[in-house]
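Asker: Below is input.pdb; it holds PDB, C-alpha atoms and all ligand atoms.
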```
ATOM      1  CA  MET A  22       0.000   0.000   0.000
ATOM      2  CA  GLU A  23       2.958   2.322   0.553
ATOM      3  CA  THR A  24       4.588   2.210  -2.828
ATOM      4  CA  THR A  25       3.754   3.582  -6.249
ATOM      5  CA  GLU A  26       5.469   1.466  -8.907
ATOM      6  CA  VAL A  27       6.120  -2.245  -8.387
ATOM      7  CA  ASP A  28       8.147  -3.482 -11.332
ATOM      8  CA  ASN A  29       9.317  -6.874 -10.148
ATOM      9  CA  PHE A  30       6.154  -8.803  -9.217
ATOM     10  CA  PRO A  31       5.461 -11.628 -11.686
ATOM     11  CA  GLY A  32       2.424 -11.331 -13.926
ATOM     12  CA  TYR A  33       2.540  -7.574 -14.493
ATOM     13  CA  PRO A  34       4.671  -7.030 -17.622
ATOM     14  CA  GLU A  35       4.083  -3.259 -17.523
ATOM     15  CA  GLY A  36       4.621  -2.967 -13.736
ATOM     16  CA  ILE A  37       1.787  -2.149 -11.351
ATOM     17  CA  ASN A  38       0.897   0.559  -8.891
ATOM     18  CA  GLY A  39       1.109  -0.861  -5.307
ATOM     19  CA  PRO A  40      -2.438  -0.031  -4.088
ATOM     20  CA  GLN A  41      -3.905  -1.389  -7.365
ATOM     21  CA  MET A  42      -1.992  -4.636  -6.865
ATOM     22  CA  MET A  43      -3.464  -4.896  -3.343
ATOM     23  CA  MET A  44      -6.987  -4.398  -4.740
ATOM     24  CA  ASP A  45      -6.345  -7.084  -7.370
ATOM     25  CA  LEU A  46      -5.127  -9.526  -4.698
ATOM     26  CA  GLU A  47      -8.138  -8.793  -2.483
ATOM     27  CA  ALA A  48     -10.580  -9.241  -5.372
ATOM     28  CA  GLN A  49      -8.930 -12.570  -6.218
ATOM     29  CA  ALA A  50      -9.184 -13.763  -2.591
ATOM     30  CA  LYS A  51     -12.867 -12.764  -2.518
ATOM     31  CA  ARG A  52     -13.553 -14.854  -5.618
ATOM     32  CA  PHE A  53     -12.892 -17.833  -3.324
ATOM     33  CA  GLU A  54     -15.343 -16.445  -0.735
ATOM     34  CA  THR A  55     -12.691 -15.158   1.651
ATOM     35  CA  ASP A  56     -14.347 -13.091   4.383
ATOM     36  CA  VAL A  57     -12.225  -9.911   4.299
ATOM     37  CA  ARG A  58     -12.574  -7.534   7.264
ATOM     38  CA  SER A  59     -10.654  -4.383   8.212
ATOM     39  CA  GLY A  60      -9.458  -3.725  11.757
ATOM     40  CA  TRP A  61      -6.419  -3.316  13.993
ATOM     41  CA  ILE A  62      -5.416  -6.334  16.106
ATOM     42  CA  THR A  63      -4.523  -5.105  19.594
ATOM     43  CA  LYS A  64      -4.081  -8.406  21.449
ATOM     44  CA  VAL A  65      -3.784 -12.135  20.756
ATOM     45  CA  ASP A  66      -4.147 -15.251  22.877
ATOM     46  CA  PHE A  67      -2.682 -18.396  21.305
ATOM     47  CA  SER A  68      -2.607 -20.460  24.520
ATOM     48  CA  GLY A  69      -5.468 -22.865  23.755
ATOM     49  CA  ASP A  70      -6.609 -24.983  20.824
ATOM     50  CA  VAL A  71      -8.942 -22.135  19.891
ATOM     51  CA  LYS A  72      -6.847 -19.095  18.981
ATOM     52  CA  LYS A  73      -8.170 -15.670  19.947
ATOM     53  CA  VAL A  74      -7.470 -12.312  18.329
ATOM     54  CA  PHE A  75      -8.869  -9.029  19.605
ATOM     55  CA  VAL A  76      -9.736  -6.278  17.153
ATOM     56  CA  GLY A  77      -9.832  -2.670  18.361
ATOM     57  CA  ASP A  78      -9.731  -1.224  21.891
ATOM     58  CA  GLY A  79     -12.032  -0.688  24.853
ATOM     59  CA  ASP A  80     -15.805  -1.250  24.606
ATOM     60  CA  ASP A  81     -15.645  -1.517  20.829
ATOM     61  CA  ALA A  82     -13.135  -4.390  20.898
ATOM     62  CA  VAL A  83     -14.245  -7.502  19.033
ATOM     63  CA  GLU A  84     -12.943 -10.984  19.841
ATOM     64  CA  ILE A  85     -12.459 -13.400  16.949
ATOM     65  CA  HIS A  86     -11.918 -17.131  17.471
ATOM     66  CA  ALA A  87     -10.153 -19.364  14.978
ATOM     67  CA  ASN A  88      -8.730 -22.862  14.737
ATOM     68  CA  THR A  89      -5.620 -21.568  13.040
ATOM     69  CA  VAL A  90      -3.999 -18.163  12.458
ATOM     70  CA  ILE A  91      -1.549 -16.945   9.800
ATOM     71  CA  LEU A  92       0.493 -13.942  10.901
ATOM     72  CA  SER A  93       1.441 -11.482   8.157
ATOM     73  CA  THR A  94       1.948  -8.148   9.901
ATOM     74  CA  GLY A  95       5.080  -7.232   7.915
ATOM     75  CA  ALA A  96       8.060  -5.135   8.973
ATOM     76  CA  SER A  97       8.441  -1.368   8.834
ATOM     77  CA  ALA A  98      11.573   0.283   7.465
ATOM     78  CA  LYS A  99      13.379   2.590   9.885
ATOM     79  CA  TRP A 100      13.889   6.193   8.743
ATOM     80  CA  LEU A 101      16.212   8.947   9.930
ATOM     81  CA  GLY A 102      13.196  11.095  10.826
ATOM     82  CA  LEU A 103      14.267  14.274   8.989
ATOM     83  CA  GLU A 104      11.384  16.457   7.838
ATOM     84  CA  SER A 105      12.800  16.709   4.282
ATOM     85  CA  GLU A 106      13.370  12.932   4.087
ATOM     86  CA  ILE A 107       9.814  12.065   5.161
ATOM     87  CA  ARG A 108       8.224  14.738   2.929
ATOM     88  CA  LEU A 109      10.088  13.536  -0.188
ATOM     89  CA  ARG A 110       9.422   9.894   0.731
ATOM     90  CA  ASP A 111       5.695  10.565   1.025
ATOM     91  CA  ILE A 112       5.430  12.261  -2.374
ATOM     92  CA  GLY A 113       7.482   9.530  -4.096
ATOM     93  CA  GLY A 114      10.231  12.075  -4.694
ATOM     94  CA  GLY A 115      13.339   9.910  -4.682
ATOM     95  CA  VAL A 116      13.646   8.706  -1.070
ATOM     96  CA  SER A 117      13.553   4.941  -0.642
ATOM     97  CA  ALA A 118      14.306   2.203   1.872
ATOM     98  CA  CYS A 119      14.597  -0.558  -0.721
ATOM     99  CA  ALA A 120      17.355  -0.617  -3.337
ATOM    100  CA  VAL A 121      16.101  -3.830  -4.945
ATOM    101  CA  CYS A 122      12.636  -2.265  -5.361
ATOM    102  CA  ASP A 123      13.620   1.206  -6.532
ATOM    103  CA  GLY A 124      17.244   1.066  -7.747
ATOM    104  CA  PHE A 125      16.028   0.602 -11.311
ATOM    105  CA  PHE A 126      14.656   4.174 -11.359
ATOM    106  CA  TYR A 127      18.170   5.584 -10.774
ATOM    107  CA  ARG A 128      19.987   3.881 -13.615
ATOM    108  CA  GLY A 129      23.038   5.935 -14.618
ATOM    109  CA  GLN A 130      22.434   8.502 -11.843
ATOM    110  CA  ASP A 131      24.233   9.445  -8.612
ATOM    111  CA  VAL A 132      22.710   8.376  -5.288
ATOM    112  CA  VAL A 133      23.436   8.465  -1.562
ATOM    113  CA  ILE A 134      22.830   5.498   0.724
ATOM    114  CA  VAL A 135      22.826   5.803   4.526
ATOM    115  CA  GLY A 136      23.752   2.788   6.654
ATOM    116  CA  ALA A 137      26.625   0.691   7.906
ATOM    117  CA  GLY A 138      25.349  -2.857   8.359
ATOM    118  CA  ASP A 139      25.376  -5.930   6.131
ATOM    119  CA  SER A 140      22.097  -4.953   4.438
ATOM    120  CA  ALA A 141      23.379  -1.437   3.730
ATOM    121  CA  CYS A 142      26.471  -2.954   2.093
ATOM    122  CA  GLU A 143      24.353  -5.323   0.058
ATOM    123  CA  GLU A 144      22.059  -2.536  -1.062
ATOM    124  CA  ALA A 145      25.049  -0.310  -1.939
ATOM    125  CA  SER A 146      26.563  -3.123  -4.051
ATOM    126  CA  TYR A 147      23.240  -3.615  -5.787
ATOM    127  CA  LEU A 148      22.910   0.107  -6.530
ATOM    128  CA  ALA A 149      26.498   0.293  -7.801
ATOM    129  CA  LYS A 150      25.549  -2.052 -10.668
ATOM    130  CA  LEU A 151      22.831   0.338 -11.822
ATOM    131  CA  CYS A 152      23.976   3.797 -10.802
ATOM    132  CA  ASN A 153      26.790   6.012 -11.984
ATOM    133  CA  LYS A 154      28.043   6.666  -8.451
ATOM    134  CA  VAL A 155      26.974   5.557  -4.977
ATOM    135  CA  THR A 156      28.060   7.567  -1.936
ATOM    136  CA  MET A 157      27.654   5.735   1.339
ATOM    137  CA  PHE A 158      27.211   7.731   4.572
ATOM    138  CA  VAL A 159      28.511   5.893   7.664
ATOM    139  CA  ARG A 160      27.877   7.619  11.001
ATOM    140  CA  ARG A 161      30.854   6.212  12.893
ATOM    141  CA  ASP A 162      34.498   5.746  11.900
ATOM    142  CA  GLU A 163      33.809   2.116  10.991
ATOM    143  CA  MET A 164      30.995  -0.040   9.679
ATOM    144  CA  ARG A 165      28.920  -2.562  11.621
ATOM    145  CA  ALA A 166      28.897  -4.926   8.631
ATOM    146  CA  SER A 167      30.949  -8.122   8.576
ATOM    147  CA  LYS A 168      34.520  -7.749   7.329
ATOM    148  CA  ALA A 169      33.655  -9.733   4.184
ATOM    149  CA  MET A 170      30.814  -7.356   3.314
ATOM    150  CA  GLN A 171      32.961  -4.302   4.031
ATOM    151  CA  ASN A 172      35.708  -5.606   1.768
ATOM    152  CA  ARG A 173      33.203  -6.268  -0.981
ATOM    153  CA  VAL A 174      31.905  -2.699  -0.868
ATOM    154  CA  LYS A 175      35.368  -1.163  -0.606
ATOM    155  CA  ALA A 176      36.446  -3.024  -3.737
ATOM    156  CA  ILE A 177      33.674  -1.559  -5.882
ATOM    157  CA  GLU A 178      35.019   1.356  -7.880
ATOM    158  CA  ASN A 179      31.924   3.527  -8.068
ATOM    159  CA  ILE A 180      31.157   3.363  -4.321
ATOM    160  CA  GLU A 181      32.634   6.106  -2.149
ATOM    161  CA  ILE A 182      32.351   5.647   1.622
ATOM    162  CA  LEU A 183      32.210   8.765   3.813
ATOM    163  CA  TYR A 184      32.803   7.919   7.490
ATOM    164  CA  ASN A 185      31.719  10.051  10.471
ATOM    165  CA  THR A 186      29.063  11.455   8.197
ATOM    166  CA  GLU A 187      25.503  12.438   9.135
ATOM    167  CA  THR A 188      22.665  13.632   6.939
ATOM    168  CA  LEU A 189      21.394  17.106   7.769
ATOM    169  CA  GLU A 190      18.808  17.552   5.023
ATOM    170  CA  VAL A 191      17.625  16.008   1.797
ATOM    171  CA  LEU A 192      17.525  18.860  -0.723
ATOM    172  CA  GLY A 193      14.805  19.412  -3.317
ATOM    173  CA  GLU A 194      11.130  20.407  -3.410
ATOM    174  CA  GLU A 195       9.468  18.012  -5.872
ATOM    175  CA  GLY A 196      12.250  15.427  -5.931
ATOM    176  CA  VAL A 197      15.718  14.754  -4.513
ATOM    177  CA  GLU A 198      18.317  17.164  -5.914
ATOM    178  CA  GLY A 199      21.028  16.688  -3.327
ATOM    179  CA  VAL A 200      21.922  15.956   0.280
ATOM    180  CA  ARG A 201      23.418  18.290   2.911
ATOM    181  CA  PHE A 202      25.701  16.421   5.296
ATOM    182  CA  ARG A 203      28.131  17.045   8.149
ATOM    183  CA  ASN A 204      31.337  15.422   9.275
ATOM    184  CA  ASN A 205      30.622  14.800  12.953
ATOM    185  CA  ILE A 206      34.332  15.069  13.917
ATOM    186  CA  SER A 207      35.337  18.260  12.061
ATOM    187  CA  GLY A 208      31.830  19.777  12.059
ATOM    188  CA  GLU A 209      32.331  20.643   8.390
ATOM    189  CA  GLU A 210      29.167  20.772   6.255
ATOM    190  CA  ALA A 211      28.811  20.181   2.510
ATOM    191  CA  ASP A 212      26.230  19.407  -0.200
ATOM    192  CA  ILE A 213      26.336  16.564  -2.683
ATOM    193  CA  ASN A 214      24.298  16.514  -5.907
ATOM    194  CA  VAL A 215      22.290  13.285  -6.207
ATOM    195  CA  THR A 216      18.843  12.287  -7.456
ATOM    196  CA  GLY A 217      18.197   9.379  -5.086
ATOM    197  CA  PHE A 218      18.456   8.990  -1.312
ATOM    198  CA  PHE A 219      18.393   5.446   0.090
ATOM    199  CA  VAL A 220      18.025   4.693   3.783
ATOM    200  CA  ALA A 221      19.319   1.278   4.892
ATOM    201  CA  ILE A 222      19.337   1.457   8.679
ATOM    202  CA  GLY A 223      17.197  -1.600   9.312
ATOM    203  CA  HIS A 224      13.604  -2.716   9.722
ATOM    204  CA  LYS A 225      11.371  -3.238  12.720
ATOM    205  CA  PRO A 226       9.045  -6.227  12.434
ATOM    206  CA  ASN A 227       5.451  -5.431  13.463
ATOM    207  CA  THR A 228       5.331  -8.165  16.084
ATOM    208  CA  ASP A 229       5.044  -6.367  19.449
ATOM    209  CA  ILE A 230       1.592  -7.842  20.069
ATOM    210  CA  PHE A 231       2.970 -11.390  19.743
ATOM    211  CA  LYS A 232       5.876 -11.058  22.156
ATOM    212  CA  ASP A 233       4.118 -12.711  25.117
ATOM    213  CA  CYS A 234       2.860 -15.749  23.256
ATOM    214  CA  LEU A 235       5.318 -16.521  20.471
ATOM    215  CA  GLU A 236       9.057 -16.981  20.142
ATOM    216  CA  LEU A 237      10.661 -13.892  18.577
ATOM    217  CA  ASP A 238      14.368 -13.324  17.904
ATOM    218  CA  GLU A 239      16.399 -10.476  19.411
ATOM    219  CA  GLN A 240      15.268  -8.107  16.631
ATOM    220  CA  GLY A 241      11.610  -9.074  17.063
ATOM    221  CA  TYR A 242      11.262 -11.298  13.973
ATOM    222  CA  ILE A 243       9.033 -14.357  14.435
ATOM    223  CA  VAL A 244      11.280 -17.396  14.830
ATOM    224  CA  GLN A 245      10.799 -19.911  12.026
ATOM    225  CA  ALA A 246      10.358 -23.098  14.044
ATOM    226  CA  LYS A 247      11.183 -25.456  11.198
ATOM    227  CA  PRO A 248      13.192 -24.202   8.199
ATOM    228  CA  GLY A 249      11.398 -24.695   4.899
ATOM    229  CA  THR A 250       7.951 -24.448   6.514
ATOM    230  CA  SER A 251       5.763 -21.653   7.894
ATOM    231  CA  LEU A 252       5.551 -23.170  11.376
ATOM    232  CA  THR A 253       6.035 -21.002  14.468
ATOM    233  CA  ASN A 254       6.754 -22.423  17.921
ATOM    234  CA  VAL A 255       2.980 -22.487  18.630
ATOM    235  CA  GLU A 256       0.917 -25.246  17.044
ATOM    236  CA  GLY A 257      -1.731 -23.876  14.694
ATOM    237  CA  VAL A 258      -0.053 -20.473  14.281
ATOM    238  CA  PHE A 259       1.869 -19.848  11.046
ATOM    239  CA  TRP A 260       4.037 -17.010   9.723
ATOM    240  CA  SER A 261       4.135 -15.442   6.304
ATOM    241  CA  GLY A 262       6.034 -12.523   4.801
ATOM    242  CA  ASP A 263       8.317  -9.895   6.260
ATOM    243  CA  CYS A 264       7.329 -10.402   9.931
ATOM    244  CA  ALA A 265       9.579 -13.484   9.889
ATOM    245  CA  ASP A 266      11.841 -12.735   6.925
ATOM    246  CA  LYS A 267      14.855 -10.552   7.513
ATOM    247  CA  VAL A 268      16.595 -11.521   4.299
ATOM    248  CA  TYR A 269      14.464 -11.209   1.162
ATOM    249  CA  LYS A 270      11.647  -8.745   2.011
ATOM    250  CA  GLN A 271       9.988  -8.672  -1.378
ATOM    251  CA  ALA A 272       6.329  -8.767  -2.359
ATOM    252  CA  VAL A 273       6.786 -12.014  -4.265
ATOM    253  CA  THR A 274       8.608 -13.768  -1.413
ATOM    254  CA  ALA A 275       5.892 -12.591   1.001
ATOM    255  CA  ALA A 276       3.233 -13.962  -1.356
ATOM    256  CA  GLY A 277       5.180 -17.236  -1.695
ATOM    257  CA  SER A 278       5.439 -17.741   2.048
ATOM    258  CA  GLY A 279       1.734 -16.826   2.290
ATOM    259  CA  CYS A 280       1.045 -19.796   0.039
ATOM    260  CA  MET A 281       3.225 -22.024   2.251
ATOM    261  CA  ALA A 282       1.317 -20.829   5.332
ATOM    262  CA  ALA A 283      -2.065 -21.484   3.710
ATOM    263  CA  LEU A 284      -1.033 -25.046   2.806
ATOM    264  CA  ASP A 285       0.471 -25.670   6.257
ATOM    265  CA  ALA A 286      -2.700 -24.336   7.923
ATOM    266  CA  GLU A 287      -4.885 -26.500   5.717
ATOM    267  CA  ARG A 288      -2.842 -29.604   6.583
ATOM    268  CA  TYR A 289      -2.994 -28.716  10.276
ATOM    269  CA  LEU A 290      -6.795 -28.460  10.109
ATOM    270  CA  ALA A 291      -7.076 -31.706   8.131
ATOM    271  CA  ALA A 292      -4.916 -33.547  10.691
ATOM    272  CA  LYS A 293      -7.237 -32.283  13.443
ATOM    273  CA  GLY A 294     -10.276 -33.424  11.447
ATOM    274  CA  ILE A 295     -11.545 -29.842  11.064
ATOM    275  CA  HIS A 296     -13.005 -29.002   7.635
TER     276      HIS A 296
HETATM  277  C1  LIG B 301       7.952   2.024  -0.308
HETATM  278  C2  LIG B 301       8.110   0.539  -0.533
HETATM  279  C3  LIG B 301       8.342   0.074  -1.817
HETATM  280  C4  LIG B 301       8.461  -1.286  -2.058
HETATM  281  N1  LIG B 301       8.624  -1.711  -3.351
HETATM  282  C5  LIG B 301       8.687  -3.033  -3.617
HETATM  283  C6  LIG B 301       8.833  -3.512  -4.949
HETATM  284  O1  LIG B 301       8.910  -2.734  -5.889
HETATM  285  N2  LIG B 301       8.885  -4.843  -5.136
HETATM  286  C7  LIG B 301       8.809  -5.744  -4.099
HETATM  287  O2  LIG B 301       8.822  -6.953  -4.354
HETATM  288  N3  LIG B 301       8.699  -5.332  -2.824
HETATM  289  C8  LIG B 301       8.637  -3.998  -2.550
HETATM  290  N4  LIG B 301       8.543  -3.562  -1.261
HETATM  291  C9  LIG B 301       8.547  -4.569  -0.191
HETATM  292  C10 LIG B 301       7.172  -5.227  -0.081
HETATM  293  O3  LIG B 301       6.192  -4.215   0.006
HETATM  294  C11 LIG B 301       7.130  -6.124   1.149
HETATM  295  O4  LIG B 301       8.162  -7.088   1.076
HETATM  296  C12 LIG B 301       5.794  -6.849   1.254
HETATM  297  O5  LIG B 301       4.733  -5.926   1.238
HETATM  298  C13 LIG B 301       5.728  -7.682   2.517
HETATM  299  O6  LIG B 301       4.455  -8.233   2.614
HETATM  300  P1  LIG B 301       3.843  -8.632   4.013
HETATM  301  O7  LIG B 301       2.490  -9.144   3.711
HETATM  302  O8  LIG B 301       4.777  -9.478   4.763
HETATM  303  O9  LIG B 301       3.749  -7.270   4.844
HETATM  304  P2  LIG B 301       3.078  -5.891   4.495
HETATM  305  O10 LIG B 301       2.823  -5.731   3.049
HETATM  306  O11 LIG B 301       3.891  -4.877   5.198
HETATM  307  O12 LIG B 301       1.658  -6.004   5.159
HETATM  308  C14 LIG B 301       1.496  -6.066   6.539
HETATM  309  C15 LIG B 301       0.121  -5.525   6.847
HETATM  310  O13 LIG B 301      -0.223  -5.863   8.182
HETATM  311  C16 LIG B 301      -0.805  -4.728   8.770
HETATM  312  N5  LIG B 301      -0.664  -4.839  10.224
HETATM  313  C17 LIG B 301       0.471  -4.771  10.973
HETATM  314  N6  LIG B 301       0.177  -4.909  12.281
HETATM  315  C18 LIG B 301      -1.159  -5.069  12.349
HETATM  316  C19 LIG B 301      -2.090  -5.245  13.423
HETATM  317  N7  LIG B 301      -1.685  -5.271  14.702
HETATM  318  N8  LIG B 301      -3.405  -5.379  13.132
HETATM  319  C20 LIG B 301      -3.843  -5.337  11.843
HETATM  320  N9  LIG B 301      -3.037  -5.164  10.780
HETATM  321  C21 LIG B 301      -1.704  -5.035  11.042
HETATM  322  C22 LIG B 301      -0.049  -3.560   8.176
HETATM  323  O14 LIG B 301      -0.799  -2.372   8.341
HETATM  324  C23 LIG B 301       0.064  -4.005   6.746
HETATM  325  O15 LIG B 301      -1.084  -3.641   5.999
HETATM  326  C24 LIG B 301       8.401  -2.216  -0.983
HETATM  327  C25 LIG B 301       8.181  -1.748   0.310
HETATM  328  C26 LIG B 301       8.044  -0.391   0.541
HETATM  329  C27 LIG B 301       7.783   0.103   1.951
END
```
Let's see the structure in the file written out as structure tokens.
Answerer:
Amino acid sequence: METTEVDNFPGYPEGINGPQMMMDLEAQAKRFETDVRSGWITKVDFSGDVKKVFVGDGDDAVEIHANTVILSTGASAKWLGLESEIRLRDIGGGVSACAVCDGFFYRGQDVVIVGAGDSACEEASYLAKLCNKVTMFVRRDEMRASKAMQNRVKAIENIEILYNTETLEVLGEEGVEGVRFRNNISGEEADINVTGFFVAIGHKPNTDIFKDCLELDEQGYIVQAKPGTSLTNVEGVFWSGDCADKVYKQAVTAAGSGCMAALDAERYLAAKGIH
């Protein structure tokens, strides 16, 4: 729902606008009589055979019971929180948190990427194949990424790494035209001309409401109880998509794991004799 162009989902040769794709998927699910309801889940109770989810707060809260639950609450990208960054992100003006999704739009152009972990290095390497030049802003005097990833990035000719560097402002009204940054040791400020600004400082899985009843890892991702399946550590509760996937994070991988979860849930119900 939060993106404009999706160019890499199979079945759309011309690309597709994100919200339209969501409407298409919903319409397809409804063709099979799926009961689609809107609401915010505030609490869950997976302790018994009958799973409970609570929608909404206070007197208006509604309790839904189910024999099985598939969790697909996704993960939210972290942002720096600068006014200019958020404004340009919201108007689709060249600020992105996903190089694989949006790198294509910056072919042959100069971009900045902010981040210092393994994912930031991977995204920078990916962008370097498409872009003319990639400038990487690292806040400290070293990266958090593994040595192997750091070496990979350092060996790429069109990536320049600026250490001790913080973003002050993303420049441009209708779209990114540059970035103002500061060296946090010397205090020196400068502008760089770029057309894309990528933020790769991590994701936060939307799993807070599950923390008391499900095994989560140290970052909050749902722990995949059995690799190659959608099982969680609670019988009858399955994961799908970015809430348990810290590696791929693509629409098609989320849809694929959604299919795995549906099949696993169906088998679980069949084994219990529930039809
Ligand atoms: C700006 C942007 C551009 C992207 N572009 C691409 C692209 O071009 N190609 C690509 O393959 N991928 C792209 N992605 C990544 C892709 O969108 C995700 O990988 C995919 O949507 C993950 O699907 P999901 O179902 O796991 O989670 P999501 O799509 O994030 O869906 C999770 C849903 O759960 C809801 N939710 C969370 N908590 C609760 C709760 N407590 N109660 C009720 N609802 C809740 C959320 O509101 C959300 O609607 C992009 C992502 C972003 C942000």
Asker: Please identify all polymer residues within 6 Å of stretch 250-267 of chain A, counting all atoms listed in the file, omitting same-chain residues fewer than 2 positions from it, and present them as a VMD selection string.
Answerer: chain A and resid 89 to 96 226 242 to 243 245 to 248 270 275 278 to 279 282
Asker: Kindly work out which residues sit at most 8 Å from ligand LIG 301 (chain B), using all atoms listed in the file, and give the list as a PyMOL selection string.
Answerer: chain A and resi 22-30+39+59-64+76+93-98+117-119+121-123+227-228+230+261-264+269-276+279
Asker: List, as a PyMOL selection string, every residue that the PyMOL selection byres (((chain A and resi 100) around 12) and not hetatm) selects in the file provided.
Answerer: chain A and resi 97-99+101-108+110+116-119+135-136+188+218-225
Asker: Rank A:Arg160, A:Asp81, A:Gly196, A:His86 by their smallest atom-to-atom distance to A:Gly69, using all atoms listed in the file, and report the top residue only.
Answerer: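 Comparing A:Arg160, A:Asp81, A:Gly196, A:His86 against A:Gly69, the winner is A:His86.
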Asker: Extending 8 Å beyond the listed atoms of stretch 159-177 of chain A on each side, what axis-aligned box results? I want centre and edge lengths in Å to one decimal, as lines of an AutoDock Vina configuration file.
Answerer:
```
center_x = 32.2
center_y = -1.1
center_z = 3.5
size_x = 24.6
size_y = 33.4
size_z = 34.8
```
Asker: Do a neighbour search on A:Tyr127 at 8 Å with all atoms listed in the file, toss out local chain neighbours closer than 6 positions, and write the hits as a list of chain:residue names.
Answerer: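 After dropping sequence-adjacent residues, the list is A:Leu151, A:Cys152, A:Thr216, A:Gly217.
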Asker: Given only C-alpha atoms as the basis, pick out the residue of A:Ile295, A:Met281, A:Val74, A:Cys142 nearest to A:Ile182.
Answerer: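 For A:Ile182, the nearest of the given residues is A:Cys142.
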Asker: Within 9 Å of A:Gly199, counting only C-alpha atoms, which residues show up once you throw out same-chain ones fewer than 6 positions away? Write them as an MDAnalysis selection string, please.
Answerer: chainID A and resid 132:133 190:193 212:218
Asker: Report, in Å to a single decimal, how far apart atom CA of A:Phe158 and atom CA of A:Ala145 are.
Answerer: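 Computed distance, atom CA of A:Ala145 to atom CA of A:Phe158, equals 10.6 Å.
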Asker: Using only C-alpha atoms, pick whichever of A:Phe125, A:Tyr147, A:Tyr289, A:Phe231 has the shortest atom-to-atom distance to A:Asn179.
Answerer: A:Tyr147
Asker: Which residue out of A:Ile134, A:Ala141, A:Arg201, A:Gln240 has the minimum interatomic distance to A:Arg173 when all atoms listed in the file are used?
Answerer: A:Ala141
Asker: Place a sphere of radius 9 Å on (33.7, 7.4, 7.7) in the file coordinates and name every protein, DNA or RNA residue with an atom inside or on its surface, counting only C-alpha atoms; give the answer as a list of chain:residue names.
Answerer: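 Checking each residue against the 9 Å limit leaves A:Met157, A:Phe158, A:Val159, A:Arg160, A:Arg161, A:Asp162, A:Glu163, A:Met164, A:Ile182, A:Leu183, A:Tyr184, A:Asn185, A:Thr186, A:Asn204.
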Asker: Please, what distance in Å, to one decimal, runs between atom CA of A:Met43 and atom CA of A:Val57?
Answerer: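 So the answer is 12.7 Å.
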